[in-house]
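The next block is run34.txt, given as compact mmCIF, N, CA, C and O atoms.
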# COMPACT_ATOMS: atom_id res chain seq x y z
N MET A 1 35.82 -16.70 -22.37
CA MET A 1 37.22 -16.45 -22.64
C MET A 1 37.50 -14.97 -22.41
O MET A 1 36.72 -14.12 -22.78
N THR A 2 38.61 -14.66 -21.80
CA THR A 2 38.95 -13.28 -21.52
C THR A 2 39.43 -12.58 -22.79
O THR A 2 40.01 -13.22 -23.66
N PRO A 3 39.18 -11.26 -22.90
CA PRO A 3 39.65 -10.54 -24.08
C PRO A 3 41.17 -10.63 -24.19
O PRO A 3 41.88 -10.54 -23.21
N GLY A 4 41.64 -10.84 -25.41
CA GLY A 4 43.08 -10.92 -25.65
C GLY A 4 43.68 -12.28 -25.39
O GLY A 4 44.89 -12.46 -25.50
N ALA A 5 42.85 -13.27 -25.02
CA ALA A 5 43.37 -14.60 -24.72
C ALA A 5 43.98 -15.26 -25.96
O ALA A 5 44.87 -16.08 -25.83
N ASP A 6 43.48 -14.93 -27.14
CA ASP A 6 44.00 -15.51 -28.37
C ASP A 6 45.19 -14.73 -28.92
O ASP A 6 45.77 -15.10 -29.93
N ARG A 7 45.53 -13.63 -28.28
CA ARG A 7 46.61 -12.76 -28.75
C ARG A 7 47.96 -13.44 -28.54
O ARG A 7 48.22 -14.02 -27.50
N ILE A 8 48.82 -13.35 -29.56
CA ILE A 8 50.19 -13.83 -29.45
C ILE A 8 51.01 -12.71 -28.83
O ILE A 8 50.87 -11.55 -29.21
N ARG A 9 51.85 -13.07 -27.87
CA ARG A 9 52.69 -12.07 -27.21
C ARG A 9 54.16 -12.42 -27.45
O ARG A 9 54.57 -13.56 -27.20
N ILE A 10 54.93 -11.45 -27.92
CA ILE A 10 56.37 -11.62 -28.05
C ILE A 10 56.97 -10.69 -27.00
O ILE A 10 56.75 -9.48 -27.04
N THR A 11 57.68 -11.29 -26.07
CA THR A 11 58.14 -10.54 -24.91
C THR A 11 59.51 -11.03 -24.46
O THR A 11 59.95 -12.11 -24.86
N ARG A 12 60.15 -10.25 -23.62
CA ARG A 12 61.40 -10.68 -23.01
C ARG A 12 61.04 -11.29 -21.65
O ARG A 12 60.43 -10.65 -20.81
N GLY A 13 61.39 -12.56 -21.46
CA GLY A 13 61.05 -13.28 -20.24
C GLY A 13 61.91 -12.85 -19.07
O GLY A 13 62.84 -12.05 -19.20
N HIS A 14 61.61 -13.42 -17.91
CA HIS A 14 62.33 -13.07 -16.67
C HIS A 14 63.81 -13.43 -16.75
O HIS A 14 64.63 -12.77 -16.12
N GLY A 15 64.16 -14.44 -17.53
CA GLY A 15 65.56 -14.83 -17.68
C GLY A 15 66.28 -14.07 -18.77
O GLY A 15 67.44 -14.35 -19.07
N GLY A 16 65.61 -13.10 -19.41
CA GLY A 16 66.23 -12.31 -20.47
C GLY A 16 65.98 -12.86 -21.86
O GLY A 16 66.34 -12.22 -22.85
N GLN A 17 65.37 -14.04 -21.98
CA GLN A 17 65.12 -14.63 -23.29
C GLN A 17 63.92 -13.97 -23.95
O GLN A 17 63.00 -13.52 -23.30
N VAL A 18 63.95 -13.92 -25.28
CA VAL A 18 62.83 -13.40 -26.06
C VAL A 18 61.99 -14.61 -26.44
O VAL A 18 62.48 -15.55 -27.07
N GLU A 19 60.71 -14.59 -26.05
CA GLU A 19 59.85 -15.74 -26.28
C GLU A 19 58.51 -15.33 -26.84
O GLU A 19 58.10 -14.19 -26.69
N ALA A 20 57.87 -16.28 -27.51
CA ALA A 20 56.53 -16.08 -28.06
C ALA A 20 55.57 -16.91 -27.23
O ALA A 20 55.80 -18.11 -27.02
N LEU A 21 54.51 -16.27 -26.76
CA LEU A 21 53.53 -16.93 -25.91
C LEU A 21 52.15 -16.78 -26.51
O LEU A 21 51.89 -15.86 -27.27
N GLY A 22 51.26 -17.67 -26.12
CA GLY A 22 49.87 -17.57 -26.59
C GLY A 22 49.50 -18.77 -27.42
O GLY A 22 50.20 -19.78 -27.47
N ARG A 23 48.35 -18.65 -28.08
CA ARG A 23 47.87 -19.74 -28.92
C ARG A 23 48.59 -19.70 -30.26
O ARG A 23 48.35 -18.82 -31.08
N LEU A 24 49.47 -20.65 -30.46
CA LEU A 24 50.30 -20.68 -31.66
C LEU A 24 49.90 -21.87 -32.52
O LEU A 24 50.16 -23.02 -32.18
N ASP A 25 49.26 -21.59 -33.64
CA ASP A 25 48.90 -22.66 -34.56
C ASP A 25 50.10 -22.95 -35.47
O ASP A 25 51.18 -22.39 -35.30
N THR A 26 49.91 -23.83 -36.43
CA THR A 26 51.01 -24.27 -37.29
C THR A 26 51.60 -23.11 -38.08
O THR A 26 52.82 -22.97 -38.18
N LEU A 27 50.75 -22.25 -38.67
CA LEU A 27 51.26 -21.13 -39.46
C LEU A 27 52.04 -20.15 -38.59
O LEU A 27 53.13 -19.70 -38.95
N ALA A 28 51.49 -19.79 -37.43
CA ALA A 28 52.18 -18.87 -36.53
C ALA A 28 53.54 -19.43 -36.11
O ALA A 28 54.54 -18.71 -36.10
N THR A 29 53.58 -20.72 -35.82
CA THR A 29 54.84 -21.36 -35.44
C THR A 29 55.84 -21.31 -36.58
O THR A 29 57.02 -21.01 -36.37
N GLU A 30 55.40 -21.57 -37.80
CA GLU A 30 56.31 -21.51 -38.95
C GLU A 30 56.82 -20.10 -39.21
O GLU A 30 57.99 -19.92 -39.56
N LEU A 31 55.98 -19.10 -39.04
CA LEU A 31 56.43 -17.71 -39.21
C LEU A 31 57.46 -17.35 -38.16
O LEU A 31 58.46 -16.68 -38.46
N LEU A 32 57.24 -17.78 -36.93
CA LEU A 32 58.22 -17.52 -35.87
C LEU A 32 59.53 -18.24 -36.15
O LEU A 32 60.61 -17.66 -35.97
N ARG A 33 59.47 -19.46 -36.64
CA ARG A 33 60.70 -20.19 -37.00
C ARG A 33 61.44 -19.46 -38.11
O ARG A 33 62.67 -19.38 -38.11
N ARG A 34 60.70 -18.94 -39.08
CA ARG A 34 61.31 -18.20 -40.19
C ARG A 34 62.07 -16.97 -39.67
O ARG A 34 63.09 -16.59 -40.22
N ALA A 35 61.57 -16.40 -38.58
CA ALA A 35 62.22 -15.22 -37.98
C ALA A 35 63.35 -15.60 -37.03
O ALA A 35 63.97 -14.72 -36.44
N GLY A 36 63.62 -16.90 -36.87
CA GLY A 36 64.75 -17.32 -36.05
C GLY A 36 64.40 -17.92 -34.71
O GLY A 36 65.30 -18.28 -33.94
N PHE A 37 63.11 -18.05 -34.40
CA PHE A 37 62.72 -18.65 -33.13
C PHE A 37 62.97 -20.15 -33.16
O PHE A 37 62.85 -20.80 -34.20
N LEU A 38 63.33 -20.69 -32.02
CA LEU A 38 63.55 -22.12 -31.85
C LEU A 38 62.36 -22.71 -31.11
O LEU A 38 61.74 -22.05 -30.28
N THR A 39 62.05 -23.98 -31.37
CA THR A 39 60.92 -24.66 -30.74
C THR A 39 61.44 -25.76 -29.83
O THR A 39 62.29 -26.56 -30.24
N PHE A 40 60.93 -25.78 -28.60
CA PHE A 40 61.30 -26.80 -27.62
C PHE A 40 60.03 -27.42 -27.06
O PHE A 40 59.13 -26.70 -26.63
N PRO A 41 59.93 -28.76 -27.05
CA PRO A 41 58.75 -29.40 -26.48
C PRO A 41 58.72 -29.21 -24.96
O PRO A 41 59.75 -29.23 -24.30
N THR A 42 57.53 -28.99 -24.43
CA THR A 42 57.31 -28.87 -23.00
C THR A 42 56.08 -29.69 -22.63
O THR A 42 55.33 -30.12 -23.52
N LEU A 43 55.84 -29.89 -21.36
CA LEU A 43 54.66 -30.65 -20.95
C LEU A 43 53.37 -30.01 -21.44
O LEU A 43 52.50 -30.71 -21.94
N PRO A 44 53.19 -28.69 -21.31
CA PRO A 44 51.93 -28.11 -21.80
C PRO A 44 51.87 -27.93 -23.32
O PRO A 44 50.84 -27.55 -23.85
N GLY A 45 52.94 -28.15 -24.04
CA GLY A 45 52.91 -27.95 -25.50
C GLY A 45 54.29 -27.70 -26.06
O GLY A 45 55.09 -28.60 -26.20
N GLN A 46 54.57 -26.43 -26.35
CA GLN A 46 55.88 -26.08 -26.90
C GLN A 46 56.29 -24.70 -26.41
O GLN A 46 55.46 -23.88 -26.05
N TRP A 47 57.59 -24.46 -26.41
CA TRP A 47 58.16 -23.18 -26.00
C TRP A 47 58.91 -22.65 -27.20
O TRP A 47 59.77 -23.34 -27.76
N LEU A 48 58.56 -21.44 -27.64
CA LEU A 48 59.26 -20.81 -28.76
C LEU A 48 60.04 -19.62 -28.23
O LEU A 48 59.47 -18.75 -27.56
N ARG A 49 61.32 -19.60 -28.53
CA ARG A 49 62.17 -18.49 -28.10
C ARG A 49 63.28 -18.28 -29.10
O ARG A 49 63.62 -19.17 -29.88
N LEU A 50 63.87 -17.09 -29.06
CA LEU A 50 65.05 -16.81 -29.86
C LEU A 50 66.27 -17.43 -29.18
O LEU A 50 66.25 -17.63 -27.96
N PRO A 51 67.32 -17.71 -29.93
CA PRO A 51 68.54 -18.25 -29.30
C PRO A 51 69.08 -17.27 -28.26
O PRO A 51 68.93 -16.05 -28.38
N PHE A 52 69.71 -17.82 -27.23
CA PHE A 52 70.32 -16.99 -26.19
C PHE A 52 71.61 -16.35 -26.70
O PHE A 52 72.26 -16.86 -27.61
N ASP A 53 71.99 -15.25 -26.10
CA ASP A 53 73.30 -14.61 -26.28
C ASP A 53 73.62 -14.20 -27.71
O ASP A 53 74.77 -14.29 -28.15
N MET A 54 72.61 -13.76 -28.45
CA MET A 54 72.86 -13.27 -29.81
C MET A 54 73.00 -11.74 -29.80
O MET A 54 73.27 -11.14 -30.83
N GLY A 55 72.77 -11.14 -28.67
CA GLY A 55 72.87 -9.69 -28.56
C GLY A 55 71.50 -9.04 -28.67
O GLY A 55 70.62 -9.52 -29.39
N GLY A 56 71.33 -7.96 -27.93
CA GLY A 56 70.04 -7.28 -27.88
C GLY A 56 69.56 -6.76 -29.22
O GLY A 56 68.38 -6.88 -29.55
N GLU A 57 70.46 -6.21 -30.02
CA GLU A 57 70.06 -5.66 -31.32
C GLU A 57 69.55 -6.78 -32.23
O GLU A 57 68.51 -6.62 -32.89
N TRP A 58 70.25 -7.91 -32.27
CA TRP A 58 69.83 -9.04 -33.09
C TRP A 58 68.47 -9.54 -32.62
O TRP A 58 67.58 -9.81 -33.43
N GLU A 59 68.30 -9.69 -31.30
CA GLU A 59 67.03 -10.16 -30.75
C GLU A 59 65.89 -9.20 -31.11
O GLU A 59 64.81 -9.64 -31.50
N ASN A 60 66.14 -7.91 -30.98
CA ASN A 60 65.11 -6.93 -31.31
C ASN A 60 64.73 -6.99 -32.79
O ASN A 60 63.55 -6.91 -33.14
N GLU A 61 65.73 -7.10 -33.67
CA GLU A 61 65.45 -7.18 -35.10
C GLU A 61 64.60 -8.41 -35.43
O GLU A 61 63.64 -8.32 -36.20
N HIS A 62 64.94 -9.55 -34.85
CA HIS A 62 64.21 -10.78 -35.16
C HIS A 62 62.83 -10.80 -34.51
O HIS A 62 61.88 -11.32 -35.11
N ALA A 63 62.70 -10.22 -33.33
CA ALA A 63 61.38 -10.12 -32.70
C ALA A 63 60.48 -9.20 -33.52
O ALA A 63 59.30 -9.50 -33.74
N SER A 64 61.02 -8.08 -34.00
CA SER A 64 60.25 -7.15 -34.83
C SER A 64 59.87 -7.80 -36.16
O SER A 64 58.74 -7.63 -36.64
N TRP A 65 60.80 -8.54 -36.75
CA TRP A 65 60.53 -9.24 -38.01
C TRP A 65 59.40 -10.25 -37.80
O TRP A 65 58.46 -10.32 -38.61
N ALA A 66 59.46 -11.01 -36.72
CA ALA A 66 58.40 -11.97 -36.42
C ALA A 66 57.06 -11.26 -36.23
O ALA A 66 56.03 -11.69 -36.76
N ALA A 67 57.07 -10.15 -35.51
CA ALA A 67 55.83 -9.39 -35.28
C ALA A 67 55.26 -8.87 -36.59
O ALA A 67 54.05 -8.92 -36.81
N ASP A 68 56.12 -8.39 -37.47
CA ASP A 68 55.65 -7.88 -38.77
C ASP A 68 55.02 -9.00 -39.60
O ASP A 68 53.98 -8.80 -40.23
N MET A 69 55.65 -10.19 -39.60
CA MET A 69 55.09 -11.30 -40.38
C MET A 69 53.76 -11.76 -39.79
O MET A 69 52.80 -12.02 -40.53
N LEU A 70 53.68 -11.87 -38.47
CA LEU A 70 52.43 -12.30 -37.83
C LEU A 70 51.32 -11.28 -38.04
O LEU A 70 50.17 -11.63 -38.28
N THR A 71 51.66 -10.00 -37.99
CA THR A 71 50.68 -8.94 -38.22
C THR A 71 50.20 -8.99 -39.66
O THR A 71 49.00 -8.85 -39.93
N ALA A 72 51.12 -9.21 -40.61
CA ALA A 72 50.73 -9.31 -42.02
C ALA A 72 49.80 -10.50 -42.24
O ALA A 72 48.92 -10.45 -43.12
N ALA A 73 49.96 -11.56 -41.46
CA ALA A 73 49.09 -12.73 -41.55
C ALA A 73 47.82 -12.54 -40.72
O ALA A 73 47.04 -13.48 -40.58
N ARG A 74 47.64 -11.36 -40.16
CA ARG A 74 46.44 -10.95 -39.41
C ARG A 74 46.24 -11.68 -38.08
O ARG A 74 45.12 -11.90 -37.65
N TYR A 75 47.35 -12.02 -37.44
CA TYR A 75 47.25 -12.57 -36.09
C TYR A 75 47.16 -11.41 -35.10
O TYR A 75 47.89 -10.41 -35.25
N PRO A 76 46.31 -11.50 -34.09
CA PRO A 76 46.33 -10.48 -33.04
C PRO A 76 47.63 -10.63 -32.26
O PRO A 76 48.01 -11.75 -31.89
N LEU A 77 48.34 -9.54 -32.06
CA LEU A 77 49.70 -9.63 -31.55
C LEU A 77 50.01 -8.48 -30.61
O LEU A 77 49.56 -7.35 -30.82
N THR A 78 50.80 -8.79 -29.60
CA THR A 78 51.38 -7.77 -28.73
C THR A 78 52.89 -7.99 -28.75
O THR A 78 53.35 -9.10 -28.47
N LEU A 79 53.62 -6.95 -29.10
CA LEU A 79 55.09 -7.00 -29.09
C LEU A 79 55.57 -6.08 -27.98
O LEU A 79 55.17 -4.91 -27.92
N ASP A 80 56.40 -6.60 -27.11
CA ASP A 80 56.99 -5.78 -26.05
C ASP A 80 57.64 -4.56 -26.71
O ASP A 80 58.45 -4.71 -27.62
N PRO A 81 57.25 -3.34 -26.31
CA PRO A 81 57.78 -2.13 -26.97
C PRO A 81 59.30 -2.03 -26.93
O PRO A 81 59.89 -1.42 -27.80
N THR A 82 59.96 -2.66 -25.96
CA THR A 82 61.42 -2.60 -25.90
C THR A 82 62.07 -3.46 -26.98
O THR A 82 63.26 -3.35 -27.21
N LEU A 83 61.27 -4.31 -27.65
CA LEU A 83 61.81 -5.17 -28.71
C LEU A 83 61.61 -4.59 -30.10
O LEU A 83 62.20 -5.07 -31.06
N ARG A 84 60.79 -3.57 -30.24
CA ARG A 84 60.46 -3.00 -31.56
C ARG A 84 61.64 -2.23 -32.12
O ARG A 84 62.25 -1.42 -31.45
N THR A 85 61.97 -2.53 -33.37
CA THR A 85 62.94 -1.72 -34.11
C THR A 85 62.18 -1.00 -35.20
O THR A 85 61.20 -1.50 -35.73
N GLY A 86 62.62 0.17 -35.55
CA GLY A 86 61.96 0.94 -36.61
C GLY A 86 60.65 1.52 -36.13
O GLY A 86 60.30 1.44 -34.96
N PRO A 87 59.90 2.10 -37.07
CA PRO A 87 58.64 2.74 -36.70
C PRO A 87 57.58 1.72 -36.31
O PRO A 87 57.57 0.60 -36.80
N GLN A 88 56.72 2.13 -35.39
CA GLN A 88 55.61 1.27 -34.96
C GLN A 88 54.58 1.22 -36.08
O GLN A 88 54.17 2.26 -36.59
N PRO A 89 54.13 0.02 -36.49
CA PRO A 89 53.12 -0.03 -37.54
C PRO A 89 51.80 0.53 -37.04
O PRO A 89 51.52 0.47 -35.84
N PRO A 90 50.99 1.10 -37.93
CA PRO A 90 49.72 1.67 -37.49
C PRO A 90 48.78 0.57 -37.01
O PRO A 90 48.78 -0.54 -37.53
N ALA A 91 48.01 0.91 -36.00
CA ALA A 91 47.02 -0.04 -35.48
C ALA A 91 45.86 -0.13 -36.46
O ALA A 91 45.49 0.86 -37.09
N PRO A 92 45.28 -1.32 -36.62
CA PRO A 92 44.12 -1.43 -37.52
C PRO A 92 42.98 -0.57 -37.01
O PRO A 92 42.78 -0.44 -35.81
N SER A 93 42.26 0.01 -37.91
CA SER A 93 41.15 0.88 -37.54
C SER A 93 39.87 0.38 -38.18
O SER A 93 39.84 0.04 -39.36
N ARG A 94 38.82 0.34 -37.40
CA ARG A 94 37.53 -0.08 -37.95
C ARG A 94 36.92 1.03 -38.80
O ARG A 94 36.05 0.79 -39.60
N ASP A 95 37.38 2.26 -38.61
CA ASP A 95 36.84 3.39 -39.36
C ASP A 95 37.44 3.48 -40.76
O ASP A 95 36.85 4.06 -41.65
N ARG A 96 38.63 2.92 -40.94
CA ARG A 96 39.32 3.02 -42.22
C ARG A 96 38.89 1.86 -43.11
O ARG A 96 38.94 0.71 -42.69
N PRO A 97 38.47 2.11 -44.36
CA PRO A 97 38.07 1.00 -45.24
C PRO A 97 39.28 0.14 -45.57
O PRO A 97 40.41 0.60 -45.63
N ALA A 98 39.03 -1.15 -45.78
CA ALA A 98 40.10 -2.10 -46.10
C ALA A 98 40.72 -1.79 -47.45
O ALA A 98 41.90 -1.97 -47.66
N THR A 99 39.92 -1.32 -48.40
CA THR A 99 40.43 -0.96 -49.72
C THR A 99 39.99 0.46 -50.01
O THR A 99 38.96 0.92 -49.52
N PRO A 100 40.76 1.19 -50.82
CA PRO A 100 40.35 2.56 -51.13
C PRO A 100 39.04 2.55 -51.91
O PRO A 100 38.77 1.63 -52.67
N PRO A 101 38.22 3.57 -51.71
CA PRO A 101 36.96 3.62 -52.44
C PRO A 101 37.21 3.76 -53.94
O PRO A 101 38.19 4.36 -54.37
N ALA A 102 36.30 3.19 -54.71
CA ALA A 102 36.41 3.28 -56.17
C ALA A 102 36.14 4.72 -56.58
O ALA A 102 35.31 5.41 -55.99
N PRO A 103 36.85 5.20 -57.60
CA PRO A 103 36.61 6.57 -58.05
C PRO A 103 35.20 6.71 -58.61
O PRO A 103 34.68 5.78 -59.22
N GLY A 104 34.60 7.85 -58.35
CA GLY A 104 33.25 8.11 -58.84
C GLY A 104 33.26 8.40 -60.32
O GLY A 104 34.31 8.54 -60.96
N PRO A 105 32.08 8.48 -60.90
CA PRO A 105 32.02 8.79 -62.34
C PRO A 105 32.59 10.17 -62.61
O PRO A 105 32.40 11.10 -61.83
N SER A 106 33.32 10.27 -63.69
CA SER A 106 33.92 11.57 -64.01
C SER A 106 32.84 12.51 -64.53
O SER A 106 31.85 12.09 -65.13
N ALA A 107 33.03 13.74 -64.25
CA ALA A 107 32.06 14.74 -64.70
C ALA A 107 32.14 14.86 -66.21
O ALA A 107 33.20 14.84 -66.82
N ALA A 108 30.98 14.95 -66.83
CA ALA A 108 30.93 15.08 -68.29
C ALA A 108 31.48 16.45 -68.69
O ALA A 108 31.23 17.45 -68.05
N ARG A 109 32.24 16.45 -69.76
CA ARG A 109 32.80 17.73 -70.22
C ARG A 109 31.74 18.47 -71.00
O ARG A 109 30.98 17.89 -71.77
N ARG A 110 31.72 19.76 -70.80
CA ARG A 110 30.78 20.60 -71.53
C ARG A 110 31.44 21.09 -72.80
O ARG A 110 32.59 21.50 -72.81
N HIS A 111 30.68 21.08 -73.86
CA HIS A 111 31.19 21.56 -75.16
C HIS A 111 30.70 22.91 -75.45
O HIS A 111 29.67 23.35 -75.33
Mind turning this structure into structure tokens?
Amino acid sequence: MTPGADRIRITRGHGGQVEALGRLDTLATELLRRAGFLTFPTLPGQWLRLPFDMGGEWENEHASWAADMLTAARYPLTLDPTLRTGPQPPAPSRDRPATPPAPGPSAARRH
């Protein structure tokens, strides 16, 4: 399998529609629906896209919302940079611990 093959991509298609592509399981599909994406059956599976003609700002907000929810659920994701609203979330780092380190023992006070 090629690297990034399991990555979900939210992008603007050739026809101007905002669509979600990639391996979409049930949870990913539900998160996209929560963000306003519509599901259409196709021969290879399903097509998820935002409604047409809602305006670029609305599409960008909903694409960013979907990306934030999918990222919070730890899906590997690529969001077209032209769709991002607000600050870009930090990329996960293998060097950064998942939880802050526990505080060490406090130094004993001298009397």
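When only N, CA, C and O atoms are used to compute distances to Arg7 (chain A), the closest of the residues A:Leu77, A:Leu50, A:Leu43, A:Leu83 turns out to be A:Leu77.
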Atomic distance atom C of Arg49 (chain A) - CA of Asp6 (chain A), expressed in Å with one decimal: 19.5 Å
Separation of CA of Trp58 (chain A) from CA of Gly22 (chain A) in Å: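 So the answer is 22.7 Å.
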Separation of CA of Pro44 (chain A) from atom C of Leu27 (chain A) in Å: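 About the pair atom C of Leu27 (chain A) and CA of Pro44 (chain A): they are 18.6 Å apart.
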Shell around region 9-21 of chain A at 8 Å using only C-alpha atoms, local window under 5 positions removed, as an MDAnalysis selection string: chainID A and resid 37 47:52 59 63 67 77:80 83
Which residue of A:Arg74, A:Gly55, A:Ser64, A:Ile8 approaches Ala35 (chain A) most closely, using only N, CA, C and O atoms: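 Looking at the shortest contact to Ala35 (chain A), the residue is A:Ser64.
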Option closest in space to Leu70 (chain A), from A:Gln46, A:Ala28, A:Gly56, A:Phe40 [counting all atoms listed in the file]: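 Nearest candidate to Leu70 (chain A) out of A:Gln46, A:Ala28, A:Gly56, A:Phe40: A:Ala28.
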Final all heavy atoms of region 42-51 of chain A as an mmCIF file, in the frame of the given file:
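The resulting result-v1.cif:
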data_model
loop_
_atom_site.group_PDB
_atom_site.id
_atom_site.type_symbol
_atom_site.label_atom_id
_atom_site.label_comp_id
_atom_site.auth_asym_id
_atom_site.auth_seq_id
_atom_site.Cartn_x
_atom_site.Cartn_y
_atom_site.Cartn_z
ATOM 1 N N THR A 42 57.530 -28.990 -24.430
ATOM 2 C CA THR A 42 57.310 -28.870 -23.000
ATOM 3 C C THR A 42 56.080 -29.690 -22.630
ATOM 4 O O THR A 42 55.330 -30.120 -23.520
ATOM 5 C CB THR A 42 57.097 -27.400 -22.577
ATOM 6 O OG1 THR A 42 55.906 -26.927 -23.199
ATOM 7 C CG2 THR A 42 58.267 -26.519 -22.964
ATOM 8 N N LEU A 43 55.840 -29.890 -21.360
ATOM 9 C CA LEU A 43 54.660 -30.650 -20.950
ATOM 10 C C LEU A 43 53.370 -30.010 -21.440
ATOM 11 O O LEU A 43 52.500 -30.710 -21.940
ATOM 12 C CB LEU A 43 54.639 -30.825 -19.429
ATOM 13 C CG LEU A 43 55.677 -31.819 -18.900
ATOM 14 C CD1 LEU A 43 55.652 -31.845 -17.381
ATOM 15 C CD2 LEU A 43 55.436 -33.198 -19.461
ATOM 16 N N PRO A 44 53.190 -28.690 -21.310
ATOM 17 C CA PRO A 44 51.930 -28.110 -21.800
ATOM 18 C C PRO A 44 51.870 -27.930 -23.320
ATOM 19 O O PRO A 44 50.840 -27.550 -23.850
ATOM 20 C CB PRO A 44 51.827 -26.771 -21.086
ATOM 21 C CG PRO A 44 53.171 -26.447 -20.578
ATOM 22 C CD PRO A 44 53.947 -27.733 -20.521
ATOM 23 N N GLY A 45 52.940 -28.150 -24.040
ATOM 24 C CA GLY A 45 52.910 -27.950 -25.500
ATOM 25 C C GLY A 45 54.290 -27.700 -26.060
ATOM 26 O O GLY A 45 55.090 -28.600 -26.200
ATOM 27 N N GLN A 46 54.570 -26.430 -26.350
ATOM 28 C CA GLN A 46 55.880 -26.080 -26.900
ATOM 29 C C GLN A 46 56.290 -24.700 -26.410
ATOM 30 O O GLN A 46 55.460 -23.880 -26.050
ATOM 31 C CB GLN A 46 55.865 -26.124 -28.418
ATOM 32 C CG GLN A 46 54.870 -25.189 -29.060
ATOM 33 C CD GLN A 46 54.846 -25.357 -30.572
ATOM 34 O OE1 GLN A 46 55.680 -26.020 -31.154
ATOM 35 N NE2 GLN A 46 53.881 -24.737 -31.214
ATOM 36 N N TRP A 47 57.590 -24.460 -26.410
ATOM 37 C CA TRP A 47 58.160 -23.180 -26.000
ATOM 38 C C TRP A 47 58.910 -22.650 -27.200
ATOM 39 O O TRP A 47 59.770 -23.340 -27.760
ATOM 40 C CB TRP A 47 59.086 -23.386 -24.815
ATOM 41 C CG TRP A 47 59.730 -22.151 -24.276
ATOM 42 C CD1 TRP A 47 59.184 -20.902 -24.171
ATOM 43 C CD2 TRP A 47 61.045 -22.042 -23.733
ATOM 44 N NE1 TRP A 47 60.070 -20.034 -23.602
ATOM 45 C CE2 TRP A 47 61.236 -20.712 -23.312
ATOM 46 C CE3 TRP A 47 62.086 -22.942 -23.546
ATOM 47 C CZ2 TRP A 47 62.414 -20.255 -22.733
ATOM 48 C CZ3 TRP A 47 63.253 -22.492 -22.968
ATOM 49 C CH2 TRP A 47 63.419 -21.165 -22.559
ATOM 50 N N LEU A 48 58.560 -21.440 -27.640
ATOM 51 C CA LEU A 48 59.260 -20.810 -28.760
ATOM 52 C C LEU A 48 60.040 -19.620 -28.230
ATOM 53 O O LEU A 48 59.470 -18.750 -27.560
ATOM 54 C CB LEU A 48 58.264 -20.346 -29.823
ATOM 55 C CG LEU A 48 57.870 -21.428 -30.815
ATOM 56 C CD1 LEU A 48 56.676 -22.180 -30.332
ATOM 57 C CD2 LEU A 48 57.643 -20.833 -32.157
ATOM 58 N N ARG A 49 61.320 -19.600 -28.530
ATOM 59 C CA ARG A 49 62.170 -18.490 -28.100
ATOM 60 C C ARG A 49 63.280 -18.280 -29.100
ATOM 61 O O ARG A 49 63.620 -19.170 -29.880
ATOM 62 C CB ARG A 49 62.756 -18.760 -26.720
ATOM 63 C CG ARG A 49 63.728 -19.927 -26.703
ATOM 64 C CD ARG A 49 64.590 -19.914 -25.452
ATOM 65 N NE ARG A 49 65.429 -21.096 -25.346
ATOM 66 C CZ ARG A 49 66.601 -21.260 -25.967
ATOM 67 N NH1 ARG A 49 67.074 -20.319 -26.753
ATOM 68 N NH2 ARG A 49 67.309 -22.360 -25.809
ATOM 69 N N LEU A 50 63.870 -17.090 -29.060
ATOM 70 C CA LEU A 50 65.050 -16.810 -29.860
ATOM 71 C C LEU A 50 66.270 -17.430 -29.180
ATOM 72 O O LEU A 50 66.250 -17.630 -27.960
ATOM 73 C CB LEU A 50 65.236 -15.301 -30.013
ATOM 74 C CG LEU A 50 64.256 -14.603 -30.951
ATOM 75 C CD1 LEU A 50 64.453 -13.089 -30.912
ATOM 76 C CD2 LEU A 50 64.384 -15.116 -32.375
ATOM 77 N N PRO A 51 67.320 -17.710 -29.930
ATOM 78 C CA PRO A 51 68.540 -18.250 -29.300
ATOM 79 C C PRO A 51 69.080 -17.270 -28.260
ATOM 80 O O PRO A 51 68.930 -16.050 -28.380
ATOM 81 C CB PRO A 51 69.519 -18.387 -30.464
ATOM 82 C CG PRO A 51 68.681 -18.406 -31.690
ATOM 83 C CD PRO A 51 67.462 -17.601 -31.382
#
